[in-house]
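J.: Dropping in data_30.pdb, which is PDB, C-alpha atoms, pLDDT in the B column:
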```pdb
ATOM      1  CA  MET N   1      -5.875  18.748  19.670  1.00 44.00           C
ATOM      2  CA  SER N   2      -2.729  18.169  17.592  1.00 52.00           C
ATOM      3  CA  THR N   3      -0.298  20.960  16.971  1.00 52.00           C
ATOM      4  CA  PRO N   4       2.167  21.116  14.059  1.00 53.00           C
ATOM      5  CA  ASP N   5       4.934  20.164  16.513  1.00 56.00           C
ATOM      6  CA  ASP N   6       3.167  16.823  17.154  1.00 71.00           C
ATOM      7  CA  PHE N   7       3.712  15.717  13.538  1.00 77.00           C
ATOM      8  CA  PRO N   8       6.945  14.286  12.139  1.00 85.00           C
ATOM      9  CA  PRO N   9       8.937  16.370   9.629  1.00 89.00           C
ATOM     10  CA  SER N  10       7.700  14.143   6.785  1.00 88.00           C
ATOM     11  CA  VAL N  11       4.211  15.623   7.198  1.00 92.00           C
ATOM     12  CA  ALA N  12       5.557  19.144   6.638  1.00 91.00           C
ATOM     13  CA  ILE N  13       7.314  17.935   3.480  1.00 92.00           C
ATOM     14  CA  LEU N  14       4.151  16.237   2.207  1.00 92.00           C
ATOM     15  CA  LYS N  15       2.145  19.413   2.883  1.00 91.00           C
ATOM     16  CA  MET N  16       4.561  21.365   0.673  1.00 91.00           C
ATOM     17  CA  TYR N  17       3.571  19.183  -2.304  1.00 93.00           C
ATOM     18  CA  TYR N  18       0.010  18.212  -1.420  1.00 92.00           C
ATOM     19  CA  GLY N  19      -2.709  20.361   0.047  1.00 85.00           C
ATOM     20  CA  CYS N  20      -4.002  17.707   2.418  1.00 91.00           C
ATOM     21  CA  VAL N  21      -2.242  15.087   4.520  1.00 94.00           C
ATOM     22  CA  LYS N  22      -3.874  12.367   6.610  1.00 94.00           C
ATOM     23  CA  ASN N  23      -2.557   9.410   8.516  1.00 94.00           C
ATOM     24  CA  LEU N  24      -3.253   6.028   6.937  1.00 94.00           C
ATOM     25  CA  GLN N  25      -6.110   5.175   9.289  1.00 94.00           C
ATOM     26  CA  SER N  26      -7.962   8.447   8.590  1.00 92.00           C
ATOM     27  CA  TYR N  27      -7.354   8.119   4.858  1.00 92.00           C
ATOM     28  CA  LEU N  28      -8.686   4.557   4.686  1.00 91.00           C
ATOM     29  CA  THR N  29     -11.696   5.469   6.808  1.00 88.00           C
ATOM     30  CA  SER N  30     -12.517   8.291   4.400  1.00 87.00           C
ATOM     31  CA  ILE N  31     -12.249   6.229   1.175  1.00 87.00           C
ATOM     32  CA  LEU N  32     -14.011   3.042   2.258  1.00 83.00           C
ATOM     33  CA  ALA N  33     -17.642   3.014   1.225  1.00 77.00           C
ATOM     34  CA  VAL N  34     -19.507   0.774   3.644  1.00 71.00           C
ATOM     35  CA  SER N  35     -22.919  -0.264   2.408  1.00 67.00           C
ATOM     36  CA  ASP N  36     -23.900  -2.510   5.306  1.00 60.00           C
ATOM     37  CA  ASN N  37     -25.077  -0.554   8.353  1.00 59.00           C
ATOM     38  CA  GLN N  38     -23.681  -3.253  10.659  1.00 56.00           C
ATOM     39  CA  PHE N  39     -20.121  -2.000  10.244  1.00 62.00           C
ATOM     40  CA  ASP N  40     -18.447   1.317   9.929  1.00 68.00           C
ATOM     41  CA  SER N  41     -15.161   1.718   8.086  1.00 70.00           C
ATOM     42  CA  GLN N  42     -13.297   2.120  11.392  1.00 74.00           C
ATOM     43  CA  GLU N  43     -14.317  -1.412  12.425  1.00 74.00           C
ATOM     44  CA  LEU N  44     -13.059  -2.849   9.149  1.00 78.00           C
ATOM     45  CA  ILE N  45      -9.634  -1.295   9.613  1.00 87.00           C
ATOM     46  CA  ARG N  46      -9.066  -1.759  13.363  1.00 89.00           C
ATOM     47  CA  SER N  47      -9.730  -4.521  15.845  1.00 88.00           C
ATOM     48  CA  ASP N  48      -9.227  -4.801  19.593  1.00 89.00           C
ATOM     49  CA  TYR N  49      -6.784  -7.642  18.905  1.00 92.00           C
ATOM     50  CA  ASP N  50      -4.445  -5.762  16.574  1.00 94.00           C
ATOM     51  CA  SER N  51      -0.726  -5.759  17.290  1.00 95.00           C
ATOM     52  CA  GLN N  52       0.917  -2.533  18.392  1.00 96.00           C
ATOM     53  CA  SER N  53       3.032  -2.534  15.224  1.00 96.00           C
ATOM     54  CA  TYR N  54      -0.131  -2.626  13.077  1.00 96.00           C
ATOM     55  CA  ILE N  55      -1.659   0.258  15.064  1.00 95.00           C
ATOM     56  CA  ASP N  56       1.599   2.193  14.665  1.00 96.00           C
ATOM     57  CA  LEU N  57       1.490   1.607  10.893  1.00 96.00           C
ATOM     58  CA  LEU N  58      -2.013   3.078  10.712  1.00 95.00           C
ATOM     59  CA  LYS N  59      -1.147   6.097  12.855  1.00 94.00           C
ATOM     60  CA  SER N  60       2.369   6.907  11.637  1.00 94.00           C
ATOM     61  CA  SER N  61       2.034   6.396   7.870  1.00 94.00           C
ATOM     62  CA  TYR N  62       0.841   9.448   5.958  1.00 95.00           C
ATOM     63  CA  ILE N  63      -0.965   9.983   2.667  1.00 93.00           C
ATOM     64  CA  GLY N  64      -0.882  13.227   0.700  1.00 92.00           C
ATOM     65  CA  ALA N  65      -3.467  14.381  -1.843  1.00 91.00           C
ATOM     66  CA  LYS N  66      -4.420  17.637  -3.524  1.00 89.00           C
ATOM     67  CA  ASP N  67      -7.978  17.234  -2.261  1.00 87.00           C
ATOM     68  CA  PHE N  68      -9.309  14.177  -0.446  1.00 85.00           C
ATOM     69  CA  LYS N  69     -12.869  15.096  -1.408  1.00 83.00           C
ATOM     70  CA  LEU N  70     -12.054  14.311  -5.050  1.00 80.00           C
ATOM     71  CA  LEU N  71     -10.914  10.746  -4.330  1.00 80.00           C
ATOM     72  CA  LYS N  72     -13.375   8.016  -5.200  1.00 83.00           C
ATOM     73  CA  LYS N  73     -14.758   5.650  -2.606  1.00 84.00           C
ATOM     74  CA  PHE N  74     -13.862   1.972  -2.592  1.00 82.00           C
ATOM     75  CA  GLN N  75     -16.126  -0.906  -1.730  1.00 78.00           C
ATOM     76  CA  PHE N  76     -14.964  -3.476   0.774  1.00 74.00           C
ATOM     77  CA  SER N  77     -14.306  -6.899  -0.776  1.00 78.00           C
ATOM     78  CA  ASP N  78     -12.879 -10.207   0.310  1.00 80.00           C
ATOM     79  CA  GLN N  79      -9.148 -10.763  -0.012  1.00 83.00           C
ATOM     80  CA  LEU N  80      -8.354 -12.727  -3.166  1.00 87.00           C
ATOM     81  CA  LEU N  81      -4.560 -12.445  -3.204  1.00 89.00           C
ATOM     82  CA  ASP N  82      -1.799 -12.471  -0.647  1.00 91.00           C
ATOM     83  CA  MET N  83       0.661  -9.573  -0.551  1.00 93.00           C
ATOM     84  CA  ARG N  84       3.323 -11.297  -2.679  1.00 91.00           C
ATOM     85  CA  GLU N  85       0.781 -12.004  -5.454  1.00 91.00           C
ATOM     86  CA  LEU N  86      -0.554  -8.456  -5.237  1.00 92.00           C
ATOM     87  CA  LEU N  87       2.928  -6.964  -5.601  1.00 93.00           C
ATOM     88  CA  ASP N  88       3.782  -9.371  -8.440  1.00 90.00           C
ATOM     89  CA  ASN N  89       0.611  -8.406 -10.305  1.00 89.00           C
ATOM     90  CA  ALA N  90       1.249  -4.689  -9.793  1.00 91.00           C
ATOM     91  CA  GLN N  91       4.823  -4.988 -11.066  1.00 91.00           C
ATOM     92  CA  GLU N  92       3.713  -7.023 -14.086  1.00 88.00           C
ATOM     93  CA  ARG N  93       1.090  -4.432 -14.939  1.00 89.00           C
ATOM     94  CA  ILE N  94       3.557  -1.537 -14.664  1.00 91.00           C
ATOM     95  CA  PHE N  95       6.038  -3.311 -16.937  1.00 88.00           C
ATOM     96  CA  ARG N  96       3.316  -4.426 -19.381  1.00 85.00           C
ATOM     97  CA  GLU N  97       2.021  -0.862 -19.729  1.00 86.00           C
ATOM     98  CA  ARG N  98       5.590   0.453 -20.097  1.00 80.00           C
ATOM     99  CA  ARG N  99       5.077   3.131 -17.488  1.00 73.00           C
ATOM    100  CA  GLY N 100       8.752   3.345 -16.672  1.00 67.00           C
ATOM    101  CA  LYS N 101      10.232   3.551 -13.228  1.00 80.00           C
ATOM    102  CA  ASN N 102       8.064   3.130 -10.186  1.00 88.00           C
ATOM    103  CA  ILE N 103       8.986   2.700  -6.534  1.00 91.00           C
ATOM    104  CA  ILE N 104       7.827  -0.938  -6.570  1.00 92.00           C
ATOM    105  CA  THR N 105       9.677  -1.792  -9.808  1.00 92.00           C
ATOM    106  CA  SER N 106      13.014  -0.368  -8.697  1.00 92.00           C
ATOM    107  CA  GLY N 107      15.500  -3.247  -8.686  1.00 90.00           C
ATOM    108  CA  TYR N 108      13.435  -5.253 -11.162  1.00 88.00           C
ATOM    109  CA  ARG N 109      13.621  -5.480 -14.954  1.00 84.00           C
ATOM    110  CA  LEU N 110      12.089  -7.376 -17.823  1.00 80.00           C
ATOM    111  CA  ALA N 111      13.867 -10.674 -18.312  1.00 76.00           C
ATOM    112  CA  SER N 112      16.121 -10.100 -21.283  1.00 72.00           C
ATOM    113  CA  HIS N 113      19.371 -11.794 -20.290  1.00 62.00           C
ATOM    114  CA  ALA N 114      20.236 -15.493 -20.485  1.00 60.00           C
ATOM    115  CA  ASN N 115      19.426 -16.437 -16.874  1.00 60.00           C
ATOM    116  CA  ASP N 116      16.748 -13.808 -16.191  1.00 57.00           C
ATOM    117  CA  ASN N 117      13.641 -15.937 -16.608  1.00 55.00           C
ATOM    118  CA  GLY N 118      13.572 -16.976 -12.989  1.00 53.00           C
ATOM    119  CA  LYS N 119      13.308 -20.426 -11.521  1.00 49.00           C
ATOM    120  CA  LYS N 120      10.838 -23.090 -12.522  1.00 46.00           C
ATOM    121  CA  GLY N 121       7.629 -22.768 -10.526  1.00 41.00           C
ATOM    122  CA  MET N 122       7.947 -19.049  -9.814  1.00 50.00           C
ATOM    123  CA  ALA N 123       4.674 -17.105  -9.765  1.00 50.00           C
ATOM    124  CA  ARG N 124       5.713 -14.831 -12.597  1.00 59.00           C
ATOM    125  CA  MET N 125       7.949 -15.191 -15.574  1.00 63.00           C
ATOM    126  CA  GLY N 126       9.486 -12.396 -17.582  1.00 78.00           C
ATOM    127  CA  ILE N 127      10.480 -10.135 -14.666  1.00 83.00           C
ATOM    128  CA  THR N 128      13.658 -10.577 -12.715  1.00 82.00           C
ATOM    129  CA  ASN N 129      15.036  -9.003  -9.559  1.00 83.00           C
ATOM    130  CA  TYR N 130      18.586  -7.699  -9.869  1.00 84.00           C
ATOM    131  CA  PHE N 131      18.908  -5.842  -6.561  1.00 88.00           C
ATOM    132  CA  LEU N 132      17.048  -5.577  -3.276  1.00 90.00           C
ATOM    133  CA  ASN N 133      14.025  -3.290  -3.159  1.00 93.00           C
ATOM    134  CA  THR N 134      13.380  -2.476   0.514  1.00 94.00           C
ATOM    135  CA  VAL N 135       9.935  -1.063  -0.301  1.00 94.00           C
ATOM    136  CA  ILE N 136       8.851  -4.502  -1.521  1.00 94.00           C
ATOM    137  CA  THR N 137      10.401  -6.042   1.588  1.00 93.00           C
ATOM    138  CA  ALA N 138       8.505  -3.588   3.820  1.00 94.00           C
ATOM    139  CA  PHE N 139       5.192  -4.311   2.083  1.00 94.00           C
ATOM    140  CA  GLN N 140       5.636  -7.993   2.926  1.00 93.00           C
ATOM    141  CA  ALA N 141       5.733  -7.251   6.670  1.00 95.00           C
ATOM    142  CA  PRO N 142       2.949  -8.750   8.817  1.00 95.00           C
ATOM    143  CA  GLU N 143       1.347  -5.318   9.379  1.00 96.00           C
ATOM    144  CA  TRP N 144       0.756  -4.810   5.644  1.00 95.00           C
ATOM    145  CA  GLU N 145      -0.540  -8.386   5.355  1.00 93.00           C
ATOM    146  CA  THR N 146      -2.999  -7.588   8.166  1.00 93.00           C
ATOM    147  CA  LEU N 147      -4.154  -4.442   6.397  1.00 93.00           C
ATOM    148  CA  LEU N 148      -4.594  -6.337   3.134  1.00 92.00           C
ATOM    149  CA  SER N 149      -6.665  -9.006   4.890  1.00 89.00           C
ATOM    150  CA  ARG N 150      -9.107  -6.367   6.143  1.00 82.00           C
TER     151      ARG N 150
END
```
What does this structure look like when you write it as structure tokens?
T.:
Amino acid sequence: MSTPDDFPPSVAILKMYYGCVKNLQSYLTSILAVSDNQFDSQELIRSDYDSQSYIDLLKSSYIGAKDFKLLKKFQFSDQLLDMRELLDNAQERIFRERRGKNIITSGYRLASHANDNGKKGMARMGITNYFLNTVITAFQAPEWETLLSR
């Protein structure tokens, strides 16, 4: 059984702000609604062939919530977008709804300067990157691509 000393300091910080904290694997298992009795949510998230870095992502990333019981369940569906398209769409939506700053829009702005419209053939127009956002870079890692594909 885990003791508080087994958890990284980030878990203690999350617990100060949120009542419940789970690792990513436990969180995803709890929110995936599996309708087919052939699979359980654990099988959709993990495979015997997963890389160690993917397993580490699932076990060492933490999610905080006031109450996990209040979160809605999500149905499994096929992957329609790759990670870059998903991030682009999320950023576009945040800017379109004028929600202000967000961790995935940091370093990005609406194109309003002369050379801000991007290059011809880019997936999105109207948003430009003016400095590196390491969160976006991290989300494009193979482990996050693997999770998205599940």
J.: Check what the PyMOL selection byres ((chain N and resi 131-145) around 12) selects in the file above and give those residues as a ChimeraX atom specification.
T.: /N:24,45-46,50-58,61,79,81-88,90-91,102-109,128-130,146-150
J.: Which one is closest to Leu71 in chain N: N:Leu28, N:Leu110, N:Lys101, N:Glu43? Count all atoms listed in the file.
T.: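 Closest candidate: N:Leu28.
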J.: Kindly give the distance, in Å, that separates CA of Ile94 in chain N and CA of Leu44 in chain N, rounded to a single decimal.
T.: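 Result for CA of Ile94 in chain N versus CA of Leu44 in chain N: 29.1 Å, one decimal.
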J.: Under the PyMOL selection byres ((chain N and resi 75) around 8), which residues of this model are included? Write them out as a PyMOL selection string.
T.: chain N and resi 32-35+73-74+76-77
J.: Name the residues in contact with Asp67 in chain N at a cut-off of 12 Å, using only C-alpha atoms, excluding same-chain residues fewer than 2 positions from it; report them as a PyMOL selection string.
T.: chain N and resi 15+17-22+27+63-65+69-72
